[in-house]
>>> print(open('query.txt').read())   # compact mmCIF, C-alpha atoms
# COMPACT_ATOMS: atom_id res chain seq x y z
CA MET W 1 -34.23 -29.03 40.52
CA ILE W 2 -36.15 -26.81 42.91
CA THR W 3 -39.00 -29.35 42.91
CA THR W 4 -36.64 -32.26 43.63
CA VAL W 5 -34.94 -30.46 46.49
CA ASN W 6 -38.25 -29.41 47.98
CA LEU W 7 -39.67 -32.98 47.89
CA ALA W 8 -36.45 -34.56 49.15
CA THR W 9 -36.31 -32.44 52.31
CA PRO W 10 -39.66 -32.88 54.05
CA GLY W 11 -39.94 -31.04 57.32
CA HIS W 12 -37.16 -28.62 56.42
CA PRO W 13 -37.53 -25.03 55.19
CA HIS W 14 -39.13 -25.22 51.77
CA VAL W 15 -37.45 -23.79 48.72
CA GLY W 16 -40.73 -23.59 46.81
CA PRO W 17 -40.71 -19.75 46.84
CA LEU W 18 -37.67 -19.90 44.54
CA LEU W 19 -39.96 -21.05 41.71
CA ILE W 20 -40.70 -17.38 41.06
CA VAL W 21 -37.22 -17.12 39.54
CA ALA W 22 -37.98 -19.60 36.72
CA PRO W 23 -40.24 -17.40 34.52
CA VAL W 24 -38.04 -14.35 35.12
CA LEU W 25 -34.95 -16.18 33.86
CA ALA W 26 -36.92 -17.61 30.94
CA ALA W 27 -37.85 -14.10 29.79
CA VAL W 28 -34.18 -13.28 29.19
CA THR W 29 -33.78 -15.77 26.32
CA LEU W 30 -37.18 -17.28 25.50
CA GLY W 31 -40.18 -15.87 23.72
CA PRO W 32 -43.45 -14.89 25.42
CA TRP W 33 -45.14 -18.26 24.78
CA LEU W 34 -42.30 -20.33 26.23
CA THR W 35 -42.00 -17.89 29.12
CA THR W 36 -45.70 -18.32 29.83
CA LEU W 37 -45.27 -22.11 29.68
CA THR W 38 -42.43 -21.85 32.20
CA GLY W 39 -44.71 -19.85 34.49
CA VAL W 40 -47.48 -22.46 34.17
CA LEU W 41 -45.04 -25.25 35.12
CA ALA W 42 -43.85 -23.22 38.12
CA LEU W 43 -47.47 -22.71 39.19
CA ALA W 44 -48.17 -26.45 38.79
CA ASP W 45 -45.19 -27.20 41.03
CA GLN W 46 -46.56 -24.88 43.67
CA VAL W 47 -49.93 -26.67 43.57
CA ILE W 48 -48.22 -30.07 43.80
CA PHE W 49 -46.27 -28.92 46.85
CA ALA W 50 -49.46 -27.64 48.46
CA VAL W 51 -51.27 -30.95 47.89
CA LEU W 52 -48.42 -33.09 49.15
CA LEU W 53 -47.81 -30.89 52.18
CA ARG W 54 -51.53 -30.29 52.75
CA ASP W 55 -51.23 -26.52 53.08
CA LEU W 56 -53.08 -25.38 49.96
CA HIS W 57 -55.33 -23.04 51.88
CA SER W 58 -52.61 -21.56 54.06
CA ALA W 59 -51.84 -17.88 53.72
CA GLN W 60 -48.16 -18.58 52.99
CA ARG W 61 -48.93 -20.99 50.14
CA MET W 62 -51.52 -18.68 48.58
CA THR W 63 -49.00 -15.85 48.70
CA GLN W 64 -46.42 -17.99 46.89
CA ILE W 65 -48.96 -19.02 44.23
CA PHE W 66 -49.99 -15.40 43.65
CA ALA W 67 -46.32 -14.36 43.39
CA VAL W 68 -45.62 -17.01 40.74
CA VAL W 69 -48.68 -15.95 38.71
CA ALA W 70 -47.73 -12.25 38.88
CA ALA W 71 -44.06 -12.91 38.05
CA SER W 72 -45.00 -15.13 35.11
CA ALA W 73 -47.32 -12.52 33.64
CA PHE W 74 -44.72 -9.77 34.05
CA ALA W 75 -41.96 -11.97 32.56
CA ALA W 76 -44.12 -12.84 29.54
CA LEU W 77 -44.79 -9.12 28.97
CA LEU W 78 -41.07 -8.29 29.13
CA SER W 79 -40.25 -11.18 26.79
CA GLY W 80 -42.76 -9.87 24.24
CA MET W 81 -41.29 -6.36 24.42
CA ARG W 82 -37.77 -7.72 24.02
CA GLU W 83 -38.75 -9.72 20.95
CA ARG W 84 -40.42 -6.69 19.37
CA LYS W 85 -37.24 -4.66 19.89
CA VAL W 86 -35.19 -7.46 18.34
CA ARG W 87 -37.48 -7.58 15.31
CA GLU W 88 -37.29 -3.79 14.93
CA LEU W 89 -33.50 -3.88 15.14
CA THR W 90 -33.40 -6.66 12.56
CA ARG W 91 -35.57 -4.62 10.19
CA VAL W 92 -33.38 -1.55 10.73
CA ARG W 93 -30.29 -3.56 9.88
CA LYS W 94 -31.93 -4.93 6.73
CA VAL W 95 -32.94 -1.43 5.67
CA SER W 96 -29.38 -0.27 6.39
CA GLU W 97 -27.98 -3.02 4.21
CA ILE W 98 -30.40 -2.13 1.41
CA ALA W 99 -29.48 1.56 1.72
CA GLN W 100 -25.82 0.67 1.60
CA ASN W 101 -26.24 -1.37 -1.56
CA LEU W 102 -28.28 1.43 -3.18
CA VAL W 103 -26.05 4.33 -2.14
CA LEU W 104 -22.68 2.63 -1.78
CA ARG W 105 -22.78 -0.07 -4.42
CA PRO W 106 -20.28 -2.92 -4.04
CA LEU W 107 -17.34 -2.72 -6.42
CA PRO W 108 -16.82 -5.66 -8.78
CA PRO W 109 -13.70 -7.75 -8.22
CA ARG W 110 -12.57 -7.01 -11.79
CA MET W 111 -12.73 -3.74 -13.71
CA GLY W 112 -11.01 -4.12 -17.05
CA PRO W 113 -7.44 -5.21 -16.36
CA LEU W 114 -7.63 -4.19 -12.69
CA ARG W 115 -8.29 -6.30 -9.63
CA VAL W 116 -10.42 -4.35 -7.17
CA ALA W 117 -11.38 -4.77 -3.51
CA ALA W 118 -13.11 -2.44 -1.07
CA VAL W 119 -13.99 -2.38 2.62
CA TYR W 120 -16.22 -0.03 4.60
CA LEU W 121 -16.33 0.38 8.38
CA ALA W 122 -19.08 2.64 9.74
CA ALA W 123 -18.54 4.44 13.03
CA GLU W 124 -22.17 3.88 14.06
CA ARG W 125 -22.45 0.27 15.17
CA GLU W 126 -26.04 -0.20 14.01
CA MET W 127 -25.40 1.43 10.64
CA LYS W 128 -23.51 -0.03 7.70
CA ILE W 129 -23.08 3.28 5.90
CA GLY W 130 -21.94 6.74 6.90
CA GLY W 131 -20.22 9.78 5.44
CA ASP W 132 -17.42 7.98 3.58
CA LEU W 133 -18.07 7.11 -0.04
CA TYR W 134 -16.54 5.46 -3.05
CA ALA W 135 -17.62 4.57 -6.57
CA ALA W 136 -16.10 3.32 -9.80
CA ALA W 137 -17.11 3.25 -13.45
CA ARG W 138 -15.67 1.95 -16.69
CA THR W 139 -14.96 4.41 -19.48
CA ALA W 140 -14.00 3.84 -23.10
CA HIS W 141 -10.28 3.74 -22.30
CA GLY W 142 -9.99 2.84 -18.62
CA THR W 143 -11.42 2.97 -15.14
CA ARG W 144 -12.55 6.08 -13.25
CA LEU W 145 -12.83 6.06 -9.46
CA LEU W 146 -13.96 8.35 -6.67
CA ILE W 147 -13.29 8.10 -2.95
CA GLY W 148 -14.34 10.81 -0.52
CA ASP W 149 -15.37 11.81 2.96
CA VAL W 150 -18.34 14.02 3.78
CA ARG W 151 -17.97 16.41 6.69
CA GLY W 152 -19.74 14.94 9.71
CA LYS W 153 -21.42 11.55 10.05
CA GLY W 154 -24.81 9.99 10.50
CA LEU W 155 -27.89 10.46 8.30
CA THR W 156 -26.92 13.96 7.14
CA ALA W 157 -23.58 12.68 5.90
CA VAL W 158 -25.31 9.76 4.18
CA SER W 159 -27.57 12.19 2.31
CA ASP W 160 -24.63 14.30 1.14
CA ALA W 161 -22.71 11.17 0.13
CA ALA W 162 -25.67 9.94 -1.93
CA LEU W 163 -25.82 13.34 -3.65
CA LEU W 164 -22.19 13.19 -4.78
CA LEU W 165 -22.38 9.53 -5.79
CA SER W 166 -25.44 10.23 -7.92
CA ALA W 167 -23.61 13.02 -9.73
CA PHE W 168 -20.56 10.77 -10.25
CA ARG W 169 -22.57 7.88 -11.70
CA GLY W 170 -24.51 10.19 -13.96
CA ALA W 171 -21.42 11.70 -15.60
CA ALA W 172 -18.52 9.27 -15.09
CA HIS W 173 -19.02 7.71 -18.53
CA ARG W 174 -18.69 11.03 -20.36
CA GLN W 175 -15.48 11.35 -22.34
CA THR W 176 -14.27 14.46 -20.49
CA GLY W 177 -10.95 15.15 -18.90
CA LEU W 178 -10.47 14.42 -15.24
CA ALA W 179 -10.09 18.10 -14.35
CA GLU W 180 -13.32 19.05 -16.13
CA PHE W 181 -15.12 16.12 -14.56
CA THR W 182 -13.95 17.23 -11.10
CA ALA W 183 -15.20 20.75 -11.78
CA TYR W 184 -18.59 19.31 -12.74
CA LEU W 185 -18.82 17.35 -9.47
CA ASP W 186 -17.80 20.42 -7.50
CA ALA W 187 -20.54 22.46 -9.16
CA SER W 188 -23.09 19.70 -8.60
CA VAL W 189 -22.35 19.59 -4.89
CA CYS W 190 -22.53 23.39 -4.61
CA TRP W 191 -25.86 23.56 -6.45
CA ASN W 192 -27.50 20.91 -4.31
CA LEU W 193 -26.11 22.11 -0.99
CA ALA W 194 -27.25 25.68 -1.63
CA GLU W 195 -30.94 24.88 -1.21
CA PRO W 196 -33.27 27.83 -0.46
CA GLY W 197 -33.15 28.58 3.23
CA GLU W 198 -30.05 26.43 3.77
CA ASN W 199 -27.32 28.85 2.72
CA ASP W 200 -25.77 28.97 6.19
CA LEU W 201 -25.64 25.20 6.33
CA ALA W 202 -24.21 24.95 2.84
CA GLN W 203 -21.21 27.02 3.87
CA GLU W 204 -20.36 24.35 6.46
CA CYS W 205 -20.73 21.35 4.14
CA PHE W 206 -17.91 20.01 2.01
CA VAL W 207 -16.56 16.73 0.73
CA THR W 208 -12.88 15.83 0.62
CA ALA W 209 -12.28 13.58 -2.35
CA ILE W 210 -9.82 12.04 -4.77
CA LEU W 211 -10.71 11.31 -8.39
CA ILE W 212 -8.64 8.83 -10.36
CA ASP W 213 -8.37 7.77 -13.99
CA ILE W 214 -6.45 4.54 -14.72
CA PRO W 215 -5.90 3.87 -18.45
CA ASP W 216 -6.15 0.24 -19.52
CA HIS W 217 -3.11 0.28 -21.81
CA ALA W 218 -0.75 2.78 -20.18
CA PRO W 219 1.29 2.20 -16.99
CA THR W 220 0.09 5.44 -15.39
CA VAL W 221 -2.55 6.78 -13.05
CA HIS W 222 -4.04 10.29 -13.17
CA ILE W 223 -5.18 11.81 -9.88
CA VAL W 224 -6.99 14.96 -8.79
CA HIS W 225 -6.63 15.71 -5.06
CA CYS W 226 -9.48 17.64 -3.43
CA GLY W 227 -8.32 18.01 0.15
CA HIS W 228 -8.11 14.23 0.66
CA PRO W 229 -5.26 12.05 2.03
CA PRO W 230 -2.93 10.92 -0.78
CA PRO W 231 -3.11 7.35 -2.07
CA LEU W 232 -0.34 4.87 -1.37
CA ARG W 233 1.42 2.95 -4.14
CA LEU W 234 2.67 -0.42 -2.94
CA ARG W 235 5.60 -2.18 -4.54
CA PRO W 236 7.72 -4.98 -3.07
CA GLY W 237 9.57 -3.40 -0.16
CA GLN W 238 8.37 0.11 -1.00
CA VAL W 239 5.37 2.26 -0.08
CA THR W 240 5.09 5.68 -1.73
CA ALA W 241 2.53 8.39 -1.04
CA LEU W 242 1.31 9.85 -4.33
CA CYS W 243 1.12 13.44 -3.14
CA ALA W 244 -0.32 16.32 -5.09
CA HIS W 245 1.91 19.01 -6.52
CA GLN W 246 -0.90 21.46 -5.86
CA ALA W 247 -3.83 19.99 -3.94
CA GLY W 248 -7.18 21.60 -4.52
CA PRO W 249 -9.86 22.45 -1.95
CA PRO W 250 -12.66 20.04 -1.03
CA LEU W 251 -15.78 19.87 -3.16
CA GLY W 252 -18.70 22.08 -2.25
CA LEU W 253 -16.89 25.05 -0.69
CA GLN W 254 -18.04 27.41 -3.48
CA LEU W 255 -14.56 28.86 -3.94
CA ASP W 256 -13.36 30.65 -7.05
CA THR W 257 -10.46 28.38 -8.06
CA PRO W 258 -8.49 28.62 -11.33
CA GLY W 259 -8.87 24.89 -12.04
CA HIS W 260 -8.10 21.43 -10.77
CA CYS W 261 -4.60 20.07 -11.13
CA VAL W 262 -4.16 16.56 -12.56
CA ASP W 263 -1.08 14.69 -11.35
CA THR W 264 0.28 11.72 -13.28
CA PHE W 265 2.18 8.89 -11.59
CA ASP W 266 3.61 5.55 -12.65
CA PHE W 267 1.30 2.59 -12.06
CA GLY W 268 2.77 -0.43 -13.80
CA GLN W 269 2.48 -4.19 -13.75
CA GLY W 270 2.34 -5.66 -10.26
CA ASP W 271 1.75 -2.27 -8.59
CA LEU W 272 -1.03 -1.92 -6.05
CA LEU W 273 -2.79 1.34 -5.26
CA LEU W 274 -4.36 1.85 -1.82
CA LEU W 275 -7.03 4.53 -1.42
CA TYR W 276 -8.39 5.38 2.01
CA THR W 277 -10.26 7.97 4.03
CA ASP W 278 -9.01 9.81 7.09
CA GLY W 279 -11.00 7.49 9.34
CA VAL W 280 -8.20 5.00 8.68
CA ALA W 281 -5.18 7.28 9.06
CA GLU W 282 -6.64 9.14 12.06
CA ALA W 283 -7.72 6.07 14.05
CA ARG W 284 -6.13 6.25 17.50
CA ASN W 285 -5.17 3.61 19.99
CA PRO W 286 -5.83 4.04 23.74
CA ARG W 287 -2.53 5.97 24.05
CA GLY W 288 -3.65 8.46 21.37
CA ASP W 289 -1.26 7.28 18.63
CA PHE W 290 -2.43 7.45 15.02
CA TYR W 291 -2.65 4.30 12.98
CA PRO W 292 0.63 3.92 11.00
CA LEU W 293 -1.00 2.94 7.73
CA ALA W 294 2.09 3.08 5.49
CA GLU W 295 4.18 1.03 7.92
CA ARG W 296 1.48 -1.62 8.34
CA ALA W 297 0.85 -1.79 4.59
CA ALA W 298 4.58 -2.27 3.98
CA THR W 299 4.56 -5.40 6.16
CA TRP W 300 1.96 -7.09 3.97
CA SER W 301 3.35 -9.89 1.82
CA GLY W 302 0.20 -11.24 0.16
CA GLU W 303 -0.71 -11.17 -3.50
CA ARG W 304 -4.36 -10.10 -3.80
CA PRO W 305 -6.07 -6.77 -2.99
CA GLU W 306 -8.75 -8.40 -0.83
CA GLU W 307 -6.05 -10.04 1.27
CA LEU W 308 -4.42 -6.66 1.86
CA LEU W 309 -7.69 -5.06 2.94
CA GLU W 310 -8.55 -7.92 5.27
CA HIS W 311 -5.09 -7.62 6.82
CA LEU W 312 -5.46 -3.86 7.27
CA ARG W 313 -9.05 -4.13 8.54
CA THR W 314 -8.10 -6.61 11.27
CA ASP W 315 -5.01 -4.62 12.21
CA LEU W 316 -6.91 -1.30 12.24
CA LEU W 317 -9.64 -2.59 14.57
CA ALA W 318 -7.02 -4.10 16.87
CA HIS W 319 -5.17 -0.77 16.94
CA ALA W 320 -8.37 1.18 17.75
CA GLY W 321 -9.56 -1.22 20.42
CA GLY W 322 -12.33 -2.73 18.31
CA ARG W 323 -14.24 0.49 17.64
CA LEU W 324 -13.65 3.47 15.35
CA ASP W 325 -14.60 7.05 16.12
CA ASP W 326 -15.05 7.92 12.44
CA ASP W 327 -16.21 6.13 9.32
CA ALA W 328 -13.43 4.41 7.41
CA ALA W 329 -13.18 3.16 3.84
CA MET W 330 -10.38 1.56 1.83
CA ILE W 331 -10.02 0.55 -1.81
CA ALA W 332 -7.18 -1.58 -3.18
CA LEU W 333 -6.43 -1.65 -6.93
CA GLU W 334 -3.90 -3.94 -8.55
CA ARG W 335 -2.66 -4.01 -12.12
CA PRO W 336 -1.65 -7.65 -12.63
CA ALA W 337 1.42 -8.49 -14.67
CA GLY W 338 0.96 -8.91 -18.41
CA ARG W 339 -2.01 -6.55 -18.73
CA ILE W 340 -0.40 -3.54 -20.42
CA ARG W 341 -0.43 -4.03 -24.20
CA GLN W 342 1.40 -0.93 -25.34
CA SER W 343 3.74 1.61 -23.87
CA THR W 344 3.08 5.16 -22.94
CA ALA W 345 4.80 6.31 -26.13
CA ALA W 346 1.56 5.61 -27.94
CA PHE W 347 -0.20 8.17 -25.75
CA PRO W 348 1.15 11.66 -26.47
CA GLN W 349 0.88 14.09 -23.59
CA LYS W 350 -1.51 16.99 -23.86
CA HIS W 351 -0.34 20.53 -23.43
CA PRO W 352 -1.29 21.99 -20.04
CA SER W 353 -4.09 24.53 -19.97
CA ALA W 354 -5.54 26.88 -17.39
CA ALA W 355 -7.91 24.17 -16.23
CA THR W 356 -5.57 21.16 -16.39
CA SER W 357 -1.87 20.59 -15.88
CA ARG W 358 -0.23 17.17 -15.98
CA LEU W 359 2.63 16.92 -13.52
CA HIS W 360 4.88 13.88 -13.84
CA ARG W 361 6.57 12.26 -10.88
CA SER W 362 9.67 10.11 -10.84
CA PRO W 363 8.98 6.39 -10.32
CA ALA W 364 11.88 6.27 -7.91
CA ALA W 365 10.21 8.44 -5.30
CA PRO W 366 11.50 7.45 -1.86
CA PRO W 367 9.20 5.50 0.44
CA VAL W 368 7.49 7.37 3.23
CA ARG W 369 6.29 6.52 6.68
CA SER W 370 2.67 6.88 7.57
CA PRO W 371 2.15 10.44 8.86
CA PRO W 372 -0.27 11.37 11.65
CA ILE W 373 -2.83 12.61 9.15
CA GLY W 374 -5.14 14.86 11.07
CA SER W 375 -5.26 16.07 14.63
CA SER W 376 -7.35 15.50 17.70
CA GLY W 377 -9.35 18.69 17.09
CA PRO W 378 -12.29 19.17 14.70
CA LYS W 379 -11.89 17.70 11.20
CA ARG W 380 -10.41 20.10 8.65
CA PRO W 381 -9.97 19.47 4.94
CA HIS W 382 -6.63 17.97 3.91
CA GLY W 383 -4.24 19.64 1.60
CA ALA W 384 -6.00 22.98 1.26
CA GLY W 385 -3.57 25.75 0.55
CA GLY W 386 -0.80 23.33 -0.36
CA SER W 387 0.27 19.70 -0.27
CA MET W 388 0.33 17.77 2.96
CA PHE W 389 3.64 16.21 1.88
CA SER W 390 6.64 17.54 0.09
CA GLY W 391 8.50 14.67 -1.54
CA ALA W 392 9.10 12.22 1.29
CA ALA W 393 9.10 14.81 4.03
CA VAL W 394 6.06 15.09 6.28
CA HIS W 395 4.68 18.49 7.27
CA SER W 396 2.00 19.43 9.74
CA ARG W 397 -1.46 20.11 8.39
CA PRO W 398 -1.95 23.70 7.31
CA PRO W 399 -5.06 25.52 8.38
CA PHE W 400 -7.75 25.61 5.72
>>> encode(input="query.txt", output="C-alpha cells")
Amino acid sequence: MITTVNLATPGHPHVGPLLIVAPVLAAVTLGPWLTTLTGVLALADQVIFAVLLRDLHSAQRMTQIFAVVAASAFAALLSGMRERKVRELTRVRKVSEIAQNLVLRPLPPRMGPLRVAAVYLAAEREMKIGGDLYAAARTAHGTRLLIGDVRGKGLTAVSDAALLLSAFRGAAHRQTGLAEFTAYLDASVCWNLAEPGENDLAQECFVTAILIDIPDHAPTVHIVHCGHPPPLRLRPGQVTALCAHQAGPPLGLQLDTPGHCVDTFDFGQGDLLLLYTDGVAEARNPRGDFYPLAERAATWSGERPEELLEHLRTDLLAHAGGRLDDDAAMIALERPAGRIRQSTAAFPQKHPSAATSRLHRSPAAPPVRSPPIGSSGPKRPHGAGGSMFSGAAVHSRPPF
C-alpha cells in the first residue's frame, strides 16, 4: 500500500520512509526468516522508488535505505528472541504437564461402584500443579482417598505434596484402619520434613488433609479430618457439611496426639460427595466476599460428577474475576443407584479404642450454608482445637 501511494502521487511528499515500519510490525507475529524477507521487500521498494524518481545517490534516499536495512536487521533479531522465549515457555508447560501427571495422577472416572471426577486450578498461571493434592486407591473392600493442602505454594509446596502422595500410594493398599493409616502418613511427613539442618523449616511446614474410606457394599463413608475443610454431601435439595466431631491437627506438626478420630456418615445410593481445598472456599470476589460453595452447589441440577465440577469451576472463576490467589482442587464422588448389594447390618461395628473412635451422625442433618472458611490474614490450619462447625451452626475459625 505504501508503494502504491508513493507511485500514485508523483511530485508530492513521498511516503517511502514509512517502509521502515513493515519489518518492525512483521517481527511482532512472524518468525525471523519471514521478518527478514519483509525487510528485503521494503529495501527493494526503496530502490525502485530511487530509480523511478532518479534520486538514488541523494543523501535523503541513502538515509532511508540505511534506515530500512538497520530496522530489518533489528526486527529479525527481536523476532528470533521472541520465538526462543515461546519455545522455552512451551517446553516449561510440557514439563509442568508431565510433572502434574507424575505427582498428581489423574483419577479414573470409575473406582469400583463410584463415579469419580476431579479438577485442579493452580494459582500460578504458568504452572499446572501447586500445593494442593489428591490421590485415590482401591483396597480389598472399597476406595480410599486423600485430599490435602500444603502450606504455601510454588515449587516448595509441590515438593511437599509429592512427598505425601508418595507415602499415600505406598501404603494405601495395606489392610489397616483409617486412623492407623493417618498416623502413618503423619509420621512419614514428620520424618521427611525433619531433614538435618532443616529443623526450623520443618516446624513451619504442615499439610491439612482429609482421608476417606468408602466401602463398596455399605452405604457409609468413614472420614478422618486433619485440619481440612469438611466435605459436602449433596442430595436433592440438600447440602450437608460432614463435620468432624473432633478434628485433628494437620499432618507434619510433630504433635503428641492421642489418636485420630474416625467419623462415620451415611453415603447411600444417589448421594454425591464433594471434597475441596480452601482455595475454593476462600476465593474472593472484587468486593472481598468468599465464594459461597454450599449455596452454589445446591443450585446444581445435573446428574454426573464431572458436570458438577465443570459448573463449579466456571462459577468459581467468574466469582474470583478469572484468577485465583491460591491453588484450588475439587473431587466429586457419586454412588450410583443400585450399587449397594447388602446392608450395613452385615458389617458389625468395631469397639472404639484409644486410637480410633467411630462416631455416627444422623442422616437427617440439616443443610448448611457455605461459611466464609478462612480469613484474609495468613493461612492457618482448619479445625485445630475443635470443629469448625457445630451441627448446622457456623463458628469463626479458632486460632491454631
>>> residues_around(input="query.txt", residues="Ala140 of chain W", least_positions_apart="2", cutoff="8 Å", atoms="only C-alpha atoms", output="number ranges by chain")
W: 138, 142, 173, 175
>>> write_last_selection(input="query.txt", atoms="C-alpha atoms", output="PDB file, keeping the file's coordinate frame")
ATOM      1  CA  ARG W 138     -15.670   1.950 -16.690  1.00  0.00           C
ATOM      2  CA  GLY W 142      -9.990   2.840 -18.620  1.00  0.00           C
ATOM      3  CA  HIS W 173     -19.020   7.710 -18.530  1.00  0.00           C
ATOM      4  CA  GLN W 175     -15.480  11.350 -22.340  1.00  0.00           C
TER       5      GLN W 175
END
>>> atom_distance(input="query.txt", atom1="atom CA of Ser188 of chain W", atom2="atom CA of Gly248 of chain W")
16.5 Å
>>> closest_residue(input="query.txt", among="W:Ala161, W:Val28, W:Ala167, W:Met330", to="Val280 of chain W", atoms="only C-alpha atoms")
W:Met330
>>> closest_residue(input="query.txt", among="W:His57, W:Arg91, W:His245, W:Arg144", to="Cys226 of chain W", atoms="only C-alpha atoms")
W:His245
>>> atom_distance(input="query.txt", atom1="atom CA of Arg287 of chain W", atom2="atom CA of Leu316 of chain W")
14.5 Å
>>> closest_residue(input="query.txt", among="W:Tyr291, W:Trp300, W:Phe74, W:Tyr276", to="Gly321 of chain W", atoms="all atoms listed in the file")
W:Tyr291
>>> atom_distance(input="query.txt", atom1="atom CA of Val69 of chain W", atom2="atom CA of Leu43 of chain W")
6.9 Å
>>> closest_residue(input="query.txt", among="W:Leu34, W:Leu275, W:Ile98, W:Ala67", to="Leu308 of chain W", atoms="all atoms listed in the file")
W:Leu275
>>> closest_residue(input="query.txt", among="W:Ala157, W:Ala337, W:Ala117, W:Ala179", to="His225 of chain W", atoms="only C-alpha atoms")
W:Ala179
>>> residues_near_point(input="query.txt", point="(-5.9, 3.1, -12.6)", cutoff="9 Å", atoms="all atoms listed in the file", output="mmCIF file with C-alpha atoms, in the coordinates of the input")
data_model
loop_
_atom_site.group_PDB
_atom_site.id
_atom_site.type_symbol
_atom_site.label_atom_id
_atom_site.label_comp_id
_atom_site.auth_asym_id
_atom_site.auth_seq_id
_atom_site.Cartn_x
_atom_site.Cartn_y
_atom_site.Cartn_z
ATOM 1 C CA LEU W 114 -7.630 -4.190 -12.690
ATOM 2 C CA GLY W 142 -9.990 2.840 -18.620
ATOM 3 C CA THR W 143 -11.420 2.970 -15.140
ATOM 4 C CA ARG W 144 -12.550 6.080 -13.250
ATOM 5 C CA LEU W 145 -12.830 6.060 -9.460
ATOM 6 C CA ILE W 212 -8.640 8.830 -10.360
ATOM 7 C CA ASP W 213 -8.370 7.770 -13.990
ATOM 8 C CA ILE W 214 -6.450 4.540 -14.720
ATOM 9 C CA PRO W 215 -5.900 3.870 -18.450
ATOM 10 C CA ASP W 216 -6.150 0.240 -19.520
ATOM 11 C CA PRO W 219 1.290 2.200 -16.990
ATOM 12 C CA THR W 220 0.090 5.440 -15.390
ATOM 13 C CA VAL W 221 -2.550 6.780 -13.050
ATOM 14 C CA HIS W 222 -4.040 10.290 -13.170
ATOM 15 C CA PHE W 267 1.300 2.590 -12.060
ATOM 16 C CA LEU W 273 -2.790 1.340 -5.260
ATOM 17 C CA LEU W 333 -6.430 -1.650 -6.930
ATOM 18 C CA GLU W 334 -3.900 -3.940 -8.550
ATOM 19 C CA ARG W 335 -2.660 -4.010 -12.120
#
